[in-house]
>>> print(open('data-v7.csv').read())   # CSV, C-alpha atoms
chain,number,residue,atom,x,y,z
A,1,MET,CA,68.1,23.5,-66.5
A,2,ILE,CA,71.2,21.8,-65.1
A,3,PHE,CA,73.3,23.2,-68.0
A,4,TRP,CA,72.2,26.8,-67.2
A,5,LEU,CA,72.8,26.2,-63.5
A,6,ASN,CA,76.3,25.1,-64.2
A,7,ILE,CA,76.9,28.1,-66.4
A,8,PHE,CA,75.7,30.4,-63.6
A,9,VAL,CA,77.9,28.7,-61.0
A,10,MET,CA,80.9,29.0,-63.3
A,11,ALA,CA,80.2,32.7,-64.0
A,12,ALA,CA,79.8,33.4,-60.3
A,13,ALA,CA,83.0,31.6,-59.4
A,14,SER,CA,84.9,33.5,-62.1
A,15,ALA,CA,83.5,36.8,-60.9
A,16,LEU,CA,84.6,36.1,-57.3
A,17,ALA,CA,88.0,35.0,-58.5
A,18,LEU,CA,88.5,38.2,-60.5
A,19,LEU,CA,87.3,40.2,-57.5
A,20,MET,CA,89.9,38.5,-55.3
A,21,LEU,CA,92.6,39.1,-57.8
A,22,ALA,CA,91.7,42.8,-58.1
A,23,ALA,CA,91.7,43.1,-54.3
A,24,TRP,CA,95.1,41.3,-54.0
A,25,LEU,CA,96.7,43.5,-56.7
A,26,PHE,CA,95.0,46.9,-56.1
A,27,GLY,CA,93.5,46.7,-52.6
A,28,ASP,CA,95.6,49.5,-51.1
A,29,ARG,CA,95.0,51.8,-54.0
A,30,ILE,CA,91.2,51.2,-53.8
A,31,ALA,CA,91.1,51.6,-50.0
A,32,TYR,CA,93.4,54.7,-49.9
A,33,PRO,CA,92.8,56.7,-53.1
A,34,ALA,CA,94.7,59.8,-51.9
A,35,PRO,CA,92.9,62.9,-53.3
A,36,GLU,CA,94.6,66.0,-54.6
A,37,SER,CA,95.7,68.1,-51.6
A,38,THR,CA,93.5,71.1,-50.7
A,39,TYR,CA,96.3,72.9,-49.0
A,40,VAL,CA,100.0,73.7,-49.0
A,41,ASP,CA,102.4,73.6,-46.0
A,42,THR,CA,102.1,76.6,-43.7
A,43,PRO,CA,103.1,77.2,-40.1
A,44,GLU,CA,99.8,75.7,-39.1
A,45,VAL,CA,100.8,72.3,-40.6
A,46,ILE,CA,102.7,70.1,-38.1
A,47,LYS,CA,105.2,67.5,-39.4
A,48,LEU,CA,105.4,64.1,-37.7
A,49,ARG,CA,107.9,61.4,-38.6
A,50,ILE,CA,106.9,57.8,-38.9
A,51,PRO,CA,109.1,54.7,-38.6
A,52,GLY,CA,110.9,54.4,-41.9
A,53,GLY,CA,111.6,58.2,-42.2
A,54,ALA,CA,108.6,59.6,-44.0
A,55,GLU,CA,107.1,62.8,-42.8
A,56,ILE,CA,103.3,63.2,-42.5
A,57,SER,CA,101.3,66.4,-42.0
A,58,ALA,CA,98.9,67.1,-39.1
A,59,ARG,CA,96.9,69.9,-37.6
A,60,PHE,CA,96.6,70.6,-33.9
A,61,LEU,CA,93.6,72.8,-32.9
A,62,GLU,CA,94.4,73.9,-29.3
A,63,ASN,CA,91.7,74.5,-26.7
A,64,LYS,CA,93.6,76.0,-23.8
A,65,GLY,CA,90.8,75.5,-21.4
A,66,SER,CA,90.6,71.8,-21.9
A,67,ASP,CA,92.7,68.7,-21.0
A,68,LYS,CA,90.8,66.5,-23.4
A,69,CYS,CA,91.7,65.7,-26.9
A,70,ILE,CA,90.1,64.2,-30.1
A,71,LEU,CA,92.5,62.1,-32.2
A,72,TYR,CA,90.7,62.3,-35.6
A,73,SER,CA,91.2,59.8,-38.4
A,74,HIS,CA,89.5,61.1,-41.6
A,75,GLY,CA,87.9,59.3,-44.6
A,76,ASN,CA,89.7,58.2,-47.7
A,77,ARG,CA,88.7,61.2,-50.0
A,78,GLU,CA,89.4,63.8,-47.4
A,79,ASP,CA,92.4,65.7,-45.9
A,80,ILE,CA,93.0,67.6,-42.7
A,81,PHE,CA,91.8,70.9,-44.2
A,82,SER,CA,88.8,69.7,-46.3
A,83,ILE,CA,87.3,68.7,-42.9
A,84,SER,CA,87.9,72.0,-41.2
A,85,ASP,CA,84.3,72.5,-40.2
A,86,THR,CA,84.1,69.2,-38.4
A,87,LEU,CA,87.4,69.8,-36.6
A,88,GLU,CA,86.4,73.3,-35.5
A,89,ARG,CA,83.1,72.0,-34.2
A,90,TYR,CA,84.9,69.5,-31.9
A,91,LYS,CA,87.2,72.3,-30.7
A,92,LEU,CA,84.2,74.6,-30.0
A,93,SER,CA,82.6,71.7,-28.1
A,94,GLY,CA,85.4,71.7,-25.5
A,95,TYR,CA,88.2,69.5,-27.0
A,96,ASN,CA,91.7,69.9,-28.3
A,97,VAL,CA,91.9,68.2,-31.7
A,98,LEU,CA,94.7,66.5,-33.6
A,99,ALA,CA,93.9,65.5,-37.2
A,100,TYR,CA,96.6,63.7,-39.2
A,101,GLU,CA,97.2,62.6,-42.7
A,102,TYR,CA,98.0,59.1,-44.0
A,103,CYS,CA,101.1,58.7,-46.2
A,104,GLY,CA,100.4,60.2,-49.6
A,105,TYR,CA,97.6,62.4,-48.5
A,106,GLY,CA,97.8,66.2,-48.3
A,107,THR,CA,101.4,67.2,-48.2
A,108,SER,CA,102.6,64.0,-46.5
A,109,GLU,CA,105.4,61.8,-47.9
A,110,GLY,CA,105.2,58.1,-48.6
A,111,THR,CA,102.7,55.8,-50.2
A,112,ALA,CA,99.1,55.4,-49.1
A,113,LYS,CA,98.4,51.9,-47.8
A,114,GLU,CA,97.1,50.1,-44.7
A,115,GLU,CA,100.5,49.4,-43.2
A,116,SER,CA,101.8,53.0,-43.5
A,117,ALA,CA,98.4,54.4,-42.2
A,118,LEU,CA,98.8,52.4,-39.0
A,119,LYS,CA,102.2,53.9,-38.5
A,120,CYS,CA,100.8,57.4,-39.1
A,121,ALA,CA,98.2,56.8,-36.4
A,122,ASP,CA,100.9,55.6,-33.9
A,123,ALA,CA,102.9,58.8,-34.7
A,124,ALA,CA,99.9,61.0,-34.0
A,125,TYR,CA,99.1,59.2,-30.7
A,126,ASP,CA,102.7,59.5,-29.6
A,127,PHE,CA,102.7,63.2,-30.4
A,128,LEU,CA,99.8,63.8,-28.2
A,129,VAL,CA,101.1,61.8,-25.2
A,130,ARG,CA,104.9,62.5,-25.4
A,131,ASP,CA,105.0,66.0,-26.9
A,132,LYS,CA,101.7,67.5,-25.8
A,133,GLY,CA,101.4,65.7,-22.5
A,134,PHE,CA,97.9,64.5,-22.7
A,135,SER,CA,96.9,61.7,-20.4
A,136,PRO,CA,95.8,58.6,-22.4
A,137,GLU,CA,92.5,58.4,-20.6
A,138,LYS,CA,91.7,62.0,-21.8
A,139,ILE,CA,92.1,61.0,-25.5
A,140,ALA,CA,89.2,60.0,-27.7
A,141,ALA,CA,89.9,58.3,-31.0
A,142,VAL,CA,87.4,59.2,-33.6
A,143,GLY,CA,87.5,57.5,-37.0
A,144,PHE,CA,85.3,58.0,-40.1
A,145,SER,CA,85.0,55.5,-42.9
A,146,ILE,CA,88.5,54.2,-43.7
A,147,GLY,CA,89.6,56.2,-40.7
A,148,SER,CA,87.9,53.4,-38.7
A,149,VAL,CA,91.0,51.2,-39.5
A,150,THR,CA,93.4,53.6,-37.8
A,151,ALA,CA,91.0,54.6,-34.9
A,152,LEU,CA,90.4,50.9,-34.1
A,153,HIS,CA,94.2,50.2,-34.4
A,154,ILE,CA,94.8,52.9,-31.7
A,155,ALA,CA,92.0,51.7,-29.5
A,156,SER,CA,93.1,48.0,-29.7
A,157,SER,CA,96.8,48.7,-29.1
A,158,ARG,CA,97.1,51.8,-27.0
A,159,GLU,CA,95.4,53.2,-23.9
A,160,ILE,CA,92.6,55.7,-24.6
A,161,GLY,CA,89.6,57.1,-22.9
A,162,ALA,CA,87.0,56.4,-25.6
A,163,LEU,CA,86.5,55.4,-29.2
A,164,VAL,CA,84.0,56.7,-31.7
A,165,VAL,CA,83.6,54.9,-35.1
A,166,VAL,CA,81.4,56.6,-37.7
A,167,GLY,CA,80.5,54.7,-40.9
A,168,GLY,CA,83.1,52.2,-40.1
A,169,LEU,CA,84.4,49.2,-42.0
A,170,ALA,CA,84.1,45.7,-40.5
A,171,LYS,CA,86.4,44.0,-42.9
A,172,SER,CA,87.3,44.5,-46.6
A,173,SER,CA,84.9,41.8,-47.9
A,174,TYR,CA,81.9,43.4,-46.1
A,175,ALA,CA,82.2,46.6,-48.0
A,176,ILE,CA,80.8,44.8,-51.1
A,177,LEU,CA,79.6,41.4,-49.9
A,178,PRO,CA,77.4,40.0,-47.1
A,179,PHE,CA,80.1,37.3,-46.3
A,180,ASP,CA,83.8,37.2,-45.8
A,181,LEU,CA,85.6,36.3,-49.1
A,182,PHE,CA,89.3,37.2,-48.7
A,183,PHE,CA,91.5,34.6,-47.0
A,184,TRP,CA,94.2,37.1,-46.1
A,185,SER,CA,94.1,39.7,-43.4
A,186,TRP,CA,93.2,43.0,-45.2
A,187,LEU,CA,91.5,45.8,-43.4
A,188,ASP,CA,90.4,43.4,-40.7
A,189,ASN,CA,88.7,45.7,-38.2
A,190,LEU,CA,86.8,42.8,-36.6
A,191,SER,CA,90.0,41.4,-35.2
A,192,ARG,CA,90.9,44.9,-33.9
A,193,ALA,CA,87.5,45.4,-32.4
A,194,LYS,CA,87.7,42.3,-30.3
A,195,LYS,CA,90.8,43.8,-28.5
A,196,VAL,CA,89.1,47.1,-27.7
A,197,ARG,CA,88.4,47.8,-24.0
A,198,ALA,CA,87.7,51.5,-24.0
A,199,PRO,CA,84.0,52.7,-24.1
A,200,THR,CA,83.0,52.7,-27.7
A,201,LEU,CA,80.2,54.3,-29.8
A,202,PHE,CA,79.4,53.1,-33.3
A,203,LEU,CA,77.4,55.4,-35.6
A,204,HIS,CA,76.2,54.1,-39.0
A,205,GLY,CA,73.7,55.3,-41.5
A,206,THR,CA,70.8,53.0,-42.3
A,207,LYS,CA,71.1,54.0,-46.0
A,208,ASP,CA,74.9,53.8,-46.3
A,209,LYS,CA,75.6,52.5,-49.7
A,210,ILE,CA,79.4,52.8,-49.5
A,211,LEU,CA,79.9,50.8,-46.4
A,212,PRO,CA,76.5,49.0,-45.9
A,213,PRO,CA,74.9,49.0,-42.4
A,214,ARG,CA,76.0,45.3,-41.8
A,215,ASN,CA,79.5,46.8,-41.2
A,216,GLY,CA,78.3,48.8,-38.1
A,217,ARG,CA,76.4,45.8,-36.7
A,218,LEU,CA,79.3,43.4,-37.2
A,219,LEU,CA,81.8,45.9,-35.5
A,220,TYR,CA,79.4,46.3,-32.6
A,221,ALA,CA,79.0,42.6,-32.1
A,222,ALA,CA,82.8,42.0,-32.2
A,223,CYS,CA,83.7,44.9,-29.9
A,224,GLY,CA,85.3,43.7,-26.7
A,225,ALA,CA,84.4,46.8,-24.7
A,226,ASP,CA,82.1,46.4,-21.6
A,227,LYS,CA,80.5,49.8,-22.5
A,228,LYS,CA,79.5,49.9,-26.1
A,229,HIS,CA,76.6,51.3,-28.1
A,230,LEU,CA,75.5,51.1,-31.7
A,231,GLU,CA,73.4,54.0,-33.1
A,232,MET,CA,71.9,53.3,-36.4
A,233,MET,CA,71.3,56.7,-37.9
A,234,GLU,CA,67.9,56.4,-39.6
A,235,GLY,CA,67.8,57.7,-43.2
A,236,PHE,CA,71.5,58.8,-43.3
A,237,GLY,CA,74.0,57.7,-45.9
A,238,HIS,CA,77.7,57.7,-45.6
A,239,ASN,CA,79.0,61.2,-45.9
A,240,LYS,CA,76.6,63.8,-44.5
A,241,MET,CA,76.4,62.9,-40.8
A,242,PRO,CA,78.6,65.7,-39.4
A,243,GLU,CA,76.1,68.2,-41.0
A,244,SER,CA,73.4,66.8,-38.7
A,245,GLN,CA,72.8,68.0,-35.1
A,246,LEU,CA,71.9,64.4,-34.3
A,247,TYR,CA,75.5,63.3,-35.0
A,248,TRP,CA,76.8,65.9,-32.6
A,249,ASP,CA,74.2,65.1,-29.9
A,250,LYS,CA,75.1,61.4,-30.0
A,251,ILE,CA,78.9,61.8,-30.0
A,252,LEU,CA,79.2,64.7,-27.6
A,253,GLY,CA,76.7,63.1,-25.2
A,254,PHE,CA,78.7,59.9,-25.3
A,255,LEU,CA,82.1,61.6,-24.9
A,256,GLY,CA,80.8,63.7,-22.1
A,257,SER,CA,79.8,60.6,-20.1
A,258,THR,CA,83.1,58.8,-20.6
A,259,ILE,CA,85.9,61.4,-20.7
A,260,ARG,CA,85.6,63.8,-17.7
>>> encode(input="data-v7.csv", output="structure tokens")
Amino acid sequence: MIFWLNIFVMAAASALALLMLAAWLFGDRIAYPAPESTYVDTPEVIKLRIPGGAEISARFLENKGSDKCILYSHGNREDIFSISDTLERYKLSGYNVLAYEYCGYGTSEGTAKEESALKCADAAYDFLVRDKGFSPEKIAAVGFSIGSVTALHIASSREIGALVVVGGLAKSSYAILPFDLFFWSWLDNLSRAKKVRAPTLFLHGTKDKILPPRNGRLLYAACGADKKHLEMMEGFGHNKMPESQLYWDKILGFLGSTIR
């Protein structure tokens, strides 16, 4: 019995060691698997430059009757045109919308990784405030899936009016394990959440198998905002929430009560 227990412990330790090595070597490639672009550059595609010189692509959907804006951070197998239906719905709901790419996504230059993604988010925020003249308190950062990293980065480092995290990641380990495994700071949204002060809404599917529900609960618990709410979307997985009216009711109701 002891022999087999030792074998099990050694096998588990080896598996964890291999997992840590894979994360160390290929983590950014796993987290940001840039898909083939669904579009080419047209006049509708805005170019923003990030520190270091790379140009990234973005879309600005203008709603001339509104002074409020959604800063949208998309998921890791999406680009700014594959999510057109979602962006248009936000516009029709009374918001201007800016959606931007991460390096390596769509027609953007550079290499997709966490560090460059944060710079892309900063460039998008600066475009809204400096070039478009939006007041920070009128900007809502919305992040889906891996977009929770950049949305929480903006909410923890810049002034905004509200934050919405949909199917968010708490920390790299929690995507696959119920405990924190990695000793280095990689995709650490928990640390970012602690610094958030803007009103925050977390939406997470109870049947999410890509980023299990523990991620939403951990983010909510860590969030430093005085006004925060966690909505566990019963029966939903990871990718289909924008197709549900419940998604829109929850998000638009929240934003309507926080950004006026």
>>> residues_around(input="data-v7.csv", residues="stretch 157-162 of chain A", least_positions_apart="6", cutoff="12 Å", atoms="only C-alpha atoms", output="mmCIF file with C-alpha atoms, in the frame of the given file")
data_model
loop_
_atom_site.group_PDB
_atom_site.id
_atom_site.type_symbol
_atom_site.label_atom_id
_atom_site.label_comp_id
_atom_site.auth_asym_id
_atom_site.auth_seq_id
_atom_site.Cartn_x
_atom_site.Cartn_y
_atom_site.Cartn_z
ATOM 1 C CA LYS A 68 90.800 66.500 -23.400
ATOM 2 C CA CYS A 69 91.700 65.700 -26.900
ATOM 3 C CA ILE A 70 90.100 64.200 -30.100
ATOM 4 C CA LEU A 71 92.500 62.100 -32.200
ATOM 5 C CA LEU A 118 98.800 52.400 -39.000
ATOM 6 C CA ALA A 121 98.200 56.800 -36.400
ATOM 7 C CA ASP A 122 100.900 55.600 -33.900
ATOM 8 C CA ALA A 123 102.900 58.800 -34.700
ATOM 9 C CA ALA A 124 99.900 61.000 -34.000
ATOM 10 C CA TYR A 125 99.100 59.200 -30.700
ATOM 11 C CA ASP A 126 102.700 59.500 -29.600
ATOM 12 C CA LEU A 128 99.800 63.800 -28.200
ATOM 13 C CA VAL A 129 101.100 61.800 -25.200
ATOM 14 C CA PHE A 134 97.900 64.500 -22.700
ATOM 15 C CA SER A 135 96.900 61.700 -20.400
ATOM 16 C CA PRO A 136 95.800 58.600 -22.400
ATOM 17 C CA GLU A 137 92.500 58.400 -20.600
ATOM 18 C CA LYS A 138 91.700 62.000 -21.800
ATOM 19 C CA ILE A 139 92.100 61.000 -25.500
ATOM 20 C CA ALA A 140 89.200 60.000 -27.700
ATOM 21 C CA ALA A 141 89.900 58.300 -31.000
ATOM 22 C CA VAL A 142 87.400 59.200 -33.600
ATOM 23 C CA GLY A 143 87.500 57.500 -37.000
ATOM 24 C CA THR A 150 93.400 53.600 -37.800
ATOM 25 C CA ALA A 151 91.000 54.600 -34.900
ATOM 26 C CA SER A 191 90.000 41.400 -35.200
ATOM 27 C CA ARG A 192 90.900 44.900 -33.900
ATOM 28 C CA ALA A 193 87.500 45.400 -32.400
ATOM 29 C CA LYS A 194 87.700 42.300 -30.300
ATOM 30 C CA LYS A 195 90.800 43.800 -28.500
ATOM 31 C CA VAL A 196 89.100 47.100 -27.700
ATOM 32 C CA ARG A 197 88.400 47.800 -24.000
ATOM 33 C CA ALA A 198 87.700 51.500 -24.000
ATOM 34 C CA PRO A 199 84.000 52.700 -24.100
ATOM 35 C CA THR A 200 83.000 52.700 -27.700
ATOM 36 C CA LEU A 201 80.200 54.300 -29.800
ATOM 37 C CA PHE A 202 79.400 53.100 -33.300
ATOM 38 C CA ALA A 225 84.400 46.800 -24.700
ATOM 39 C CA ASP A 226 82.100 46.400 -21.600
ATOM 40 C CA LYS A 227 80.500 49.800 -22.500
ATOM 41 C CA LYS A 228 79.500 49.900 -26.100
ATOM 42 C CA HIS A 229 76.600 51.300 -28.100
ATOM 43 C CA ILE A 251 78.900 61.800 -30.000
ATOM 44 C CA LEU A 252 79.200 64.700 -27.600
ATOM 45 C CA PHE A 254 78.700 59.900 -25.300
ATOM 46 C CA LEU A 255 82.100 61.600 -24.900
ATOM 47 C CA GLY A 256 80.800 63.700 -22.100
ATOM 48 C CA SER A 257 79.800 60.600 -20.100
ATOM 49 C CA THR A 258 83.100 58.800 -20.600
ATOM 50 C CA ILE A 259 85.900 61.400 -20.700
ATOM 51 C CA ARG A 260 85.600 63.800 -17.700
#
>>> atom_distance(input="data-v7.csv", atom1="atom CA of A:Tyr105", atom2="atom CA of A:Asn189")
21.5 Å
>>> residues_around(input="data-v7.csv", residues="A:Ala99", least_positions_apart="4", cutoff="9 Å", atoms="all atoms listed in the file", output="count of residues only")
14
>>> closest_residue(input="data-v7.csv", among="A:Thr86, A:Tyr220, A:Gly110, A:Ala117", to="A:Ser244", atoms="only C-alpha atoms")
A:Thr86
>>> atom_distance(input="data-v7.csv", atom1="atom CA of A:Met233", atom2="atom CA of A:Val97")
24.4 Å
>>> atom_distance(input="data-v7.csv", atom1="atom CA of A:Asp85", atom2="atom CA of A:Glu109")
24.9 Å
>>> closest_residue(input="data-v7.csv", among="A:Asn76, A:Gln245, A:Ser37, A:Thr206", to="A:Ser108", atoms="only C-alpha atoms")
A:Ser37
>>> closest_residue(input="data-v7.csv", among="A:Ala175, A:Ala221, A:Ile83, A:Leu48", to="A:Asp208", atoms="all atoms listed in the file")
A:Ala175
>>> closest_residue(input="data-v7.csv", among="A:Pro212, A:Gly205, A:Pro51, A:Pro35", to="A:Glu234", atoms="only C-alpha atoms")
A:Gly205
>>> residues_near_point(input="data-v7.csv", point="(91.9, 74.7, -32.0)", cutoff="10 Å", atoms="all atoms listed in the file", output="list in words")
Arg59, Phe60, Leu61, Glu62, Asn63, Lys64, Leu87, Glu88, Arg89, Tyr90, Lys91, Leu92, Gly94, Tyr95, Asn96, Val97 and Leu98 of chain A
>>> residues_around(input="data-v7.csv", residues="A:Leu211", least_positions_apart="2", cutoff="10 Å", atoms="all atoms listed in the file", output="PyMOL selection string")
chain A and resi 145-146+167-170+172+174-176+204-205+207-209+213-216+237-238
>>> decode(input="data-v7.csv", residues="stretch 75-107 of chain A", atoms="N, CA and C atoms", output="compact mmCIF listing (two decimals), in the first residue's frame")
# COMPACT_ATOMS: atom_id res chain seq x y z
N GLY A 75 -12.14 38.23 -26.18
CA GLY A 75 -11.56 36.96 -25.77
C GLY A 75 -10.39 36.54 -26.65
N ASN A 76 -9.79 35.40 -26.30
CA ASN A 76 -8.53 35.06 -26.95
C ASN A 76 -8.66 34.38 -28.31
N ARG A 77 -9.83 33.97 -28.72
CA ARG A 77 -10.00 33.43 -30.08
C ARG A 77 -10.96 34.30 -30.88
N GLU A 78 -10.95 35.59 -30.59
CA GLU A 78 -11.81 36.55 -31.26
C GLU A 78 -10.96 37.68 -31.84
N ASP A 79 -11.59 38.49 -32.68
CA ASP A 79 -10.98 39.76 -33.08
C ASP A 79 -12.09 40.81 -33.16
N ILE A 80 -11.75 42.02 -33.51
CA ILE A 80 -12.69 43.13 -33.40
C ILE A 80 -13.82 43.10 -34.43
N PHE A 81 -13.73 42.20 -35.41
CA PHE A 81 -14.84 42.06 -36.36
C PHE A 81 -15.62 40.77 -36.12
N SER A 82 -15.02 39.77 -35.54
CA SER A 82 -15.76 38.53 -35.26
C SER A 82 -16.81 38.74 -34.17
N ILE A 83 -16.67 39.84 -33.40
CA ILE A 83 -17.63 40.15 -32.33
C ILE A 83 -18.52 41.34 -32.69
N SER A 84 -18.73 41.55 -33.98
CA SER A 84 -19.50 42.72 -34.44
C SER A 84 -20.89 42.79 -33.83
N ASP A 85 -21.56 41.65 -33.70
CA ASP A 85 -22.93 41.66 -33.16
C ASP A 85 -22.95 42.20 -31.73
N THR A 86 -21.98 41.79 -30.93
CA THR A 86 -21.92 42.26 -29.55
C THR A 86 -21.64 43.76 -29.50
N LEU A 87 -20.69 44.20 -30.30
CA LEU A 87 -20.34 45.63 -30.30
C LEU A 87 -21.51 46.49 -30.76
N GLU A 88 -22.21 46.03 -31.80
CA GLU A 88 -23.36 46.79 -32.31
C GLU A 88 -24.46 46.86 -31.27
N ARG A 89 -24.64 45.80 -30.50
CA ARG A 89 -25.69 45.80 -29.47
C ARG A 89 -25.38 46.83 -28.40
N TYR A 90 -24.11 46.94 -28.02
CA TYR A 90 -23.74 47.98 -27.06
C TYR A 90 -24.02 49.38 -27.63
N LYS A 91 -23.70 49.57 -28.90
CA LYS A 91 -23.97 50.87 -29.53
C LYS A 91 -25.45 51.17 -29.54
N LEU A 92 -26.26 50.20 -29.94
CA LEU A 92 -27.71 50.40 -30.00
C LEU A 92 -28.31 50.62 -28.61
N SER A 93 -27.58 50.22 -27.59
CA SER A 93 -28.05 50.40 -26.21
C SER A 93 -27.68 51.76 -25.63
N GLY A 94 -27.05 52.61 -26.46
CA GLY A 94 -26.80 53.98 -26.03
C GLY A 94 -25.36 54.34 -25.73
N TYR A 95 -24.42 53.52 -26.21
CA TYR A 95 -23.00 53.75 -25.90
C TYR A 95 -22.18 53.90 -27.17
N ASN A 96 -21.16 54.74 -27.09
CA ASN A 96 -20.07 54.65 -28.04
C ASN A 96 -19.28 53.40 -27.65
N VAL A 97 -18.56 52.82 -28.61
CA VAL A 97 -17.82 51.60 -28.33
C VAL A 97 -16.45 51.66 -28.98
N LEU A 98 -15.42 51.34 -28.21
CA LEU A 98 -14.08 51.15 -28.76
C LEU A 98 -13.63 49.74 -28.44
N ALA A 99 -13.39 48.96 -29.49
CA ALA A 99 -12.84 47.62 -29.33
C ALA A 99 -11.45 47.62 -29.98
N TYR A 100 -10.50 47.01 -29.34
CA TYR A 100 -9.12 47.05 -29.81
C TYR A 100 -8.54 45.64 -29.84
N GLU A 101 -7.48 45.49 -30.62
CA GLU A 101 -6.79 44.21 -30.71
C GLU A 101 -5.61 44.15 -29.74
N TYR A 102 -5.18 42.94 -29.48
CA TYR A 102 -3.91 42.72 -28.81
C TYR A 102 -2.86 42.54 -29.92
N CYS A 103 -1.62 42.75 -29.59
CA CYS A 103 -0.56 42.54 -30.58
C CYS A 103 -0.67 41.13 -31.16
N GLY A 104 -0.52 41.04 -32.48
CA GLY A 104 -0.60 39.75 -33.14
C GLY A 104 -2.00 39.33 -33.53
N TYR A 105 -3.01 40.03 -33.07
CA TYR A 105 -4.40 39.70 -33.40
C TYR A 105 -4.87 40.58 -34.56
N GLY A 106 -5.77 40.02 -35.39
CA GLY A 106 -6.31 40.81 -36.50
C GLY A 106 -5.19 41.28 -37.40
N THR A 107 -5.16 42.57 -37.68
CA THR A 107 -4.11 43.15 -38.53
C THR A 107 -3.11 43.94 -37.69
